[in-house]
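Undergrad: Contents of coords23.txt (compact mmCIF, C-alpha atoms and all ligand atoms) are given next:
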# COMPACT_ATOMS: atom_id res chain seq x y z
CA MET A 1 -59.05 25.35 -25.57
CA PRO A 2 -59.52 24.02 -29.09
CA GLU A 3 -56.69 24.93 -31.44
CA ILE A 4 -56.37 23.95 -35.07
CA LEU A 5 -55.73 20.27 -34.24
CA GLU A 6 -58.91 19.90 -32.18
CA VAL A 7 -60.90 21.81 -34.78
CA GLU A 8 -59.54 19.53 -37.50
CA THR A 9 -60.68 16.49 -35.50
CA ALA A 10 -64.17 18.00 -35.25
CA ARG A 11 -64.17 18.78 -38.97
CA ALA A 12 -63.15 15.21 -39.77
CA LEU A 13 -66.01 13.86 -37.64
CA LEU A 14 -68.49 16.04 -39.53
CA GLY A 15 -66.96 14.95 -42.83
CA GLU A 16 -67.21 11.28 -41.95
CA ARG A 17 -70.59 11.22 -40.23
CA ALA A 18 -72.75 14.25 -40.95
CA LEU A 19 -72.77 14.60 -44.75
CA ASP A 20 -75.59 13.78 -47.14
CA ARG A 21 -78.23 13.40 -44.40
CA GLU A 22 -81.34 15.49 -44.80
CA ILE A 23 -81.87 18.06 -42.05
CA THR A 24 -85.41 17.98 -40.70
CA LYS A 25 -85.09 20.06 -37.53
CA VAL A 26 -82.86 22.87 -36.35
CA TYR A 27 -82.13 23.37 -32.67
CA ALA A 28 -81.18 26.99 -31.96
CA PRO A 29 -82.27 27.78 -28.40
CA ASP A 30 -79.65 30.46 -27.79
CA SER A 31 -79.83 33.47 -30.10
CA TRP A 32 -76.71 34.93 -28.47
CA PHE A 33 -74.82 32.00 -30.01
CA LEU A 34 -75.92 33.05 -33.51
CA LYS A 35 -73.71 35.77 -34.95
CA ARG A 36 -73.66 38.35 -37.74
CA GLY A 37 -77.38 38.91 -37.92
CA LEU A 38 -78.38 35.25 -37.87
CA THR A 39 -81.60 34.48 -35.96
CA PRO A 40 -83.19 31.17 -34.94
CA ARG A 41 -85.75 31.77 -37.67
CA THR A 42 -83.27 32.49 -40.48
CA VAL A 43 -80.96 29.63 -39.57
CA ARG A 44 -83.95 27.28 -39.53
CA ALA A 45 -85.04 28.51 -42.95
CA ALA A 46 -81.50 28.09 -44.31
CA LEU A 47 -80.99 24.54 -43.04
CA GLN A 48 -84.31 22.71 -43.03
CA GLY A 49 -84.66 20.38 -46.00
CA GLN A 50 -80.99 20.77 -46.91
CA SER A 51 -78.05 18.50 -46.21
CA PHE A 52 -74.37 19.09 -45.50
CA THR A 53 -72.23 18.33 -48.56
CA HIS A 54 -68.66 19.11 -47.42
CA ALA A 55 -66.95 19.87 -44.12
CA ARG A 56 -64.00 22.22 -44.62
CA ARG A 57 -61.83 24.23 -42.27
CA ARG A 58 -59.80 27.41 -42.39
CA GLY A 59 -57.78 27.89 -39.25
CA LYS A 60 -60.14 27.42 -36.33
CA LEU A 61 -63.28 28.09 -38.38
CA ILE A 62 -65.28 25.05 -39.54
CA LEU A 63 -67.06 25.63 -42.85
CA VAL A 64 -69.92 23.26 -43.66
CA ASP A 65 -71.27 23.54 -47.19
CA LEU A 66 -75.00 23.09 -47.63
CA SER A 67 -76.79 21.53 -50.59
CA SER A 68 -78.33 24.97 -51.24
CA GLY A 69 -74.89 26.50 -51.81
CA ALA A 70 -74.90 28.38 -48.49
CA VAL A 71 -72.12 27.83 -45.96
CA LEU A 72 -72.57 27.25 -42.24
CA GLY A 73 -69.69 28.57 -40.13
CA LEU A 74 -69.03 26.92 -36.75
CA HIS A 75 -66.68 28.41 -34.14
CA LEU A 76 -65.75 26.19 -31.21
CA GLY A 77 -64.63 29.11 -29.01
CA MET A 78 -62.87 28.14 -25.78
CA SER A 79 -64.66 24.91 -24.97
CA GLY A 80 -66.80 23.87 -27.94
CA ARG A 81 -67.15 20.29 -29.16
CA VAL A 82 -68.96 18.79 -32.10
CA LEU A 83 -71.10 15.73 -31.47
CA VAL A 84 -72.57 13.61 -34.24
CA ASP A 85 -75.08 10.95 -33.12
CA ASP A 86 -73.89 11.66 -29.54
CA GLU A 87 -70.31 10.84 -30.37
CA ALA A 88 -67.70 13.54 -29.74
CA ALA A 89 -64.57 13.99 -31.78
CA GLY A 90 -61.28 13.37 -30.06
CA ASP A 91 -60.38 11.56 -26.90
CA PRO A 92 -63.63 10.57 -25.16
CA LEU A 93 -61.86 10.16 -21.80
CA LEU A 94 -60.97 13.84 -21.62
CA TYR A 95 -64.55 14.90 -22.03
CA ALA A 96 -66.53 12.04 -20.55
CA SER A 97 -67.48 13.95 -17.41
CA ASN A 98 -69.51 16.58 -19.24
CA LYS A 99 -70.42 14.71 -22.38
CA ALA A 100 -74.06 14.10 -21.64
CA ASP A 101 -75.33 17.47 -20.40
CA PRO A 102 -77.85 18.77 -22.97
CA ALA A 103 -77.88 22.19 -21.28
CA TRP A 104 -74.60 22.83 -23.10
CA HIS A 105 -76.06 22.12 -26.53
CA ARG A 106 -76.04 25.60 -28.05
CA PHE A 107 -76.93 24.62 -31.58
CA GLY A 108 -77.78 21.48 -33.51
CA VAL A 109 -79.76 19.70 -36.16
CA THR A 110 -81.81 16.51 -36.38
CA PHE A 111 -81.48 14.44 -39.51
CA ALA A 112 -84.32 12.62 -41.29
CA ASP A 113 -82.82 9.29 -40.16
CA GLY A 114 -83.22 10.35 -36.51
CA GLY A 115 -79.54 11.13 -35.87
CA THR A 116 -78.28 14.45 -34.59
CA MET A 117 -75.41 16.91 -34.77
CA TYR A 118 -74.81 19.25 -31.84
CA LEU A 119 -72.33 21.94 -30.95
CA ARG A 120 -71.80 21.53 -27.21
CA ASP A 121 -70.14 24.44 -25.46
CA PRO A 122 -70.09 24.77 -21.65
CA ARG A 123 -68.53 28.24 -21.74
CA ARG A 124 -70.76 29.53 -24.55
CA LEU A 125 -67.94 31.34 -26.37
CA GLY A 126 -68.39 29.54 -29.66
CA ALA A 127 -70.64 30.81 -32.43
CA VAL A 128 -72.66 29.89 -35.50
CA GLU A 129 -72.87 32.09 -38.58
CA LEU A 130 -74.07 31.81 -42.15
CA ASP A 131 -71.82 32.49 -45.15
CA PRO A 132 -68.82 33.64 -43.08
CA ASP A 133 -66.24 35.88 -44.70
CA GLU A 134 -63.43 33.37 -45.19
CA ASP A 135 -61.05 36.03 -46.50
CA ARG A 136 -60.80 37.74 -43.14
CA LEU A 137 -58.53 34.81 -42.23
CA GLY A 138 -54.94 34.34 -43.36
CA PRO A 139 -53.68 31.12 -44.97
CA ASP A 140 -54.40 27.99 -42.96
CA ALA A 141 -51.44 27.00 -40.76
CA PHE A 142 -51.28 23.54 -42.39
CA ASP A 143 -50.88 25.15 -45.83
CA LEU A 144 -48.56 28.00 -44.85
CA THR A 145 -45.62 28.19 -47.25
CA LEU A 146 -42.11 29.37 -46.44
CA ALA A 147 -42.58 32.32 -48.81
CA GLN A 148 -45.81 33.34 -47.06
CA LEU A 149 -44.17 33.16 -43.63
CA ARG A 150 -41.22 35.22 -44.90
CA ALA A 151 -43.56 37.92 -46.28
CA ILE A 152 -45.66 37.99 -43.10
CA CYS A 153 -42.58 38.43 -40.87
CA ALA A 154 -40.85 40.98 -43.09
CA LYS A 155 -43.56 43.58 -42.67
CA SER A 156 -44.32 43.24 -38.98
CA ARG A 157 -42.88 45.16 -36.03
CA ALA A 158 -44.87 43.05 -33.56
CA PRO A 159 -43.42 40.19 -31.46
CA ILE A 160 -43.20 37.00 -33.52
CA LYS A 161 -45.60 35.23 -31.15
CA ALA A 162 -48.28 37.90 -31.72
CA VAL A 163 -47.78 37.62 -35.47
CA LEU A 164 -48.14 33.81 -35.47
CA MET A 165 -51.34 34.06 -33.42
CA ASP A 166 -52.91 36.83 -35.53
CA GLN A 167 -55.65 34.89 -37.34
CA SER A 168 -55.83 37.44 -40.14
CA ARG A 169 -52.20 36.63 -41.03
CA ILE A 170 -52.03 32.89 -40.27
CA ALA A 171 -55.20 31.01 -39.40
CA GLY A 172 -55.19 28.31 -36.75
CA LEU A 173 -52.30 28.76 -34.33
CA GLY A 174 -53.23 29.37 -30.69
CA ASN A 175 -51.23 29.87 -27.53
CA LEU A 176 -50.00 26.31 -26.95
CA LEU A 177 -49.03 25.50 -30.54
CA THR A 178 -47.26 28.84 -30.92
CA ASP A 179 -45.22 28.41 -27.74
CA GLU A 180 -44.33 24.84 -28.78
CA ALA A 181 -43.24 25.85 -32.30
CA LEU A 182 -41.11 28.77 -31.06
CA TRP A 183 -39.55 26.57 -28.39
CA ARG A 184 -38.71 23.92 -31.03
CA ALA A 185 -37.29 26.60 -33.33
CA GLY A 186 -35.17 28.19 -30.55
CA ILE A 187 -36.74 31.62 -31.17
CA ASP A 188 -37.69 34.08 -28.41
CA PRO A 189 -41.48 34.71 -28.57
CA ALA A 190 -40.89 38.43 -27.88
CA ARG A 191 -38.48 38.87 -30.80
CA ILE A 192 -39.70 41.47 -33.31
CA ALA A 193 -40.86 39.52 -36.37
CA SER A 194 -39.02 41.66 -38.92
CA THR A 195 -35.67 40.91 -37.23
CA LEU A 196 -35.87 37.19 -38.08
CA ASP A 197 -33.34 36.35 -40.80
CA ALA A 198 -33.79 33.81 -43.60
CA ASP A 199 -32.38 30.93 -41.53
CA ASP A 200 -34.62 31.78 -38.56
CA ILE A 201 -37.70 31.78 -40.79
CA THR A 202 -36.76 28.48 -42.42
CA THR A 203 -36.25 26.94 -38.97
CA LEU A 204 -39.53 28.39 -37.71
CA HIS A 205 -41.46 27.18 -40.75
CA ARG A 206 -40.12 23.67 -40.23
CA ALA A 207 -40.93 23.85 -36.51
CA ILE A 208 -44.55 24.85 -37.21
CA ARG A 209 -44.96 21.92 -39.60
CA THR A 210 -43.34 19.46 -37.19
CA THR A 211 -45.44 20.75 -34.29
CA LEU A 212 -48.69 20.30 -36.23
CA ARG A 213 -47.71 16.83 -37.47
CA VAL A 214 -46.33 15.44 -34.20
CA LEU A 215 -48.97 16.88 -31.87
CA GLY A 216 -51.72 15.95 -34.32
CA ARG A 217 -50.52 12.35 -34.22
CA ARG A 218 -50.31 12.40 -30.41
CA GLY A 219 -53.87 13.68 -30.09
CA GLY A 220 -53.94 17.44 -29.68
CA SER A 221 -52.42 20.81 -28.91
CA HIS A 222 -51.87 19.91 -25.23
CA THR A 223 -49.45 17.06 -26.08
CA GLY A 224 -46.37 19.16 -26.83
CA ASP A 225 -42.89 18.53 -25.41
CA HIS A 226 -43.00 22.11 -24.07
CA MET A 227 -46.35 21.54 -22.31
CA PRO A 228 -45.21 19.68 -19.13
CA ALA A 229 -43.02 22.66 -18.15
CA ARG A 230 -45.73 25.32 -18.56
CA PHE A 231 -45.90 26.29 -14.90
CA PRO A 232 -43.94 28.72 -12.70
CA GLY A 233 -40.63 27.00 -11.99
CA GLY A 234 -40.93 24.62 -14.95
CA LEU A 235 -37.63 23.54 -16.50
CA CYS A 236 -36.84 23.53 -20.22
CA PRO A 237 -37.16 19.88 -21.34
CA ARG A 238 -34.23 20.40 -23.71
CA ASP A 239 -31.57 21.87 -21.42
CA GLY A 240 -33.01 22.09 -17.88
CA THR A 241 -33.00 25.91 -17.68
CA PRO A 242 -35.91 27.40 -15.68
CA PHE A 243 -38.56 28.69 -18.07
CA GLU A 244 -39.27 32.40 -18.23
CA ARG A 245 -42.95 33.35 -17.81
CA ARG A 246 -44.11 36.54 -19.54
CA THR A 247 -47.08 38.03 -21.29
CA VAL A 248 -46.40 38.29 -25.01
CA GLY A 249 -49.06 39.25 -27.52
CA GLY A 250 -51.52 39.44 -24.63
CA ARG A 251 -51.04 35.77 -23.70
CA THR A 252 -49.20 33.91 -20.98
CA THR A 253 -45.97 32.73 -22.53
CA TYR A 254 -43.35 30.26 -21.35
CA SER A 255 -39.96 30.20 -23.04
CA CYS A 256 -36.38 29.17 -22.40
CA PRO A 257 -33.94 32.06 -21.84
CA LEU A 258 -31.00 29.78 -22.74
CA HIS A 259 -31.83 28.30 -26.13
CA GLN A 260 -34.58 30.66 -27.40
CA HIS A 261 -33.25 33.99 -28.64
ZN ZN B 1 -33.96 25.46 -23.37
Translate the structure described by the file into structure tokens.
TA:
Amino acid sequence: MPEILEVETARALLGERALDREITKVYAPDSWFLKRGLTPRTVRAALQGQSFTHARRRGKLILVDLSSGAVLGLHLGMSGRVLVDDEAAGDPLLYASNKADPAWHRFGVTFADGGTMYLRDPRRLGAVELDPDEDRLGPDAFDLTLAQLRAICAKSRAPIKAVLMDQSRIAGLGNLLTDEALWRAGIDPARIASTLDADDITTLHRAIRTTLRVLGRRGGSHTGDHMPARFPGGLCPRDGTPFERRTVGGRTTYSCPLHQH
């Protein structure tokens, strides 16, 4: 599932390859994929004759500015990929098997130069919207400050994992990145957020930054040190203790009962 690192790779591809090319055709065969009142007709009217001027991101939402001043919002959902001129962002080997199936193209544009941009999504859980409300999302995880994390934790009685994954509080962290960051920080995912003290929050803030930097460099949210032990009977890579498997914040969670508390 795409988390912030995969979405950032897709954003970077759009930023490098899809800007300043006039849009001549809009491909919107699946009206279910268009959200918040958008229709094939209105999205066509909004995009044709325009070009993309910037590709931004807030959490897992890609924001593509149009020359008209409108903003196209792209959600990758559980399995979405961005293709520009048939090239996908990220590791081509991971996706080679399903790369070429046009049945999974849920949305796209053709540029005046003949090139294309498509959102390919086998599971159809992504979405396209126009002028998304960016303020419904919290600060982007890459930009999260220590003071923001402290304020977010202080007022929450929910488990810390649920708080980190709540996109309205912090935008971009999903299940794998959250489990990795909490494992690195030595904090129990089920711990009530408001019980974290100043040292815990400083450690957690550093662990989130390290997780994003290290896993981003390695190639994605599935490359964590915690990842190889995410199965029943998996052993903590740090101390060899069998991982505990629970549901926290509605998601399957693996953590170490020895060093996470
Ligand atoms: Zn451990």
Undergrad: Would you compute the distance between CA of Arg41 in chain A and CA of Ala28 in chain A? Give it in Å to one decimal.
TA: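 Between CA of Arg41 in chain A and CA of Ala28 in chain A the gap is 8.7 Å.
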Undergrad: All residues within 8 Å of ligand ZN 1 (chain B) are required, counting only C-alpha atoms and all ligand atoms; please report them as a VMD selection string.
TA: chain A and resid 183 186 236 to 241 243 255 to 260
Undergrad: Given the choices A:Val7, A:Ala55, A:Ala198, A:Leu34, which gets closest to Asp20 in chain A if the distance is worked out from all atoms listed in the file?
TA: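 Closest candidate: A:Ala55.
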Undergrad: Within 12 Å of (-44.1, 29.6, -45.8) in the file's own coordinates, which protein, DNA or RNA residues have an atom, counting only C-alpha atoms? List them as an NGL selection string.
TA: :A and (139-153 or 164 or 169-170 or 198 or 201-209)
Undergrad: Point out the residue among A:Pro132, A:Pro242, A:Pro159, A:Gly126 with the least atom-to-atom distance to Gly37 in chain A, counting only C-alpha atoms.
TA: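 Among the listed residues, A:Pro132 lies closest to Gly37 in chain A.
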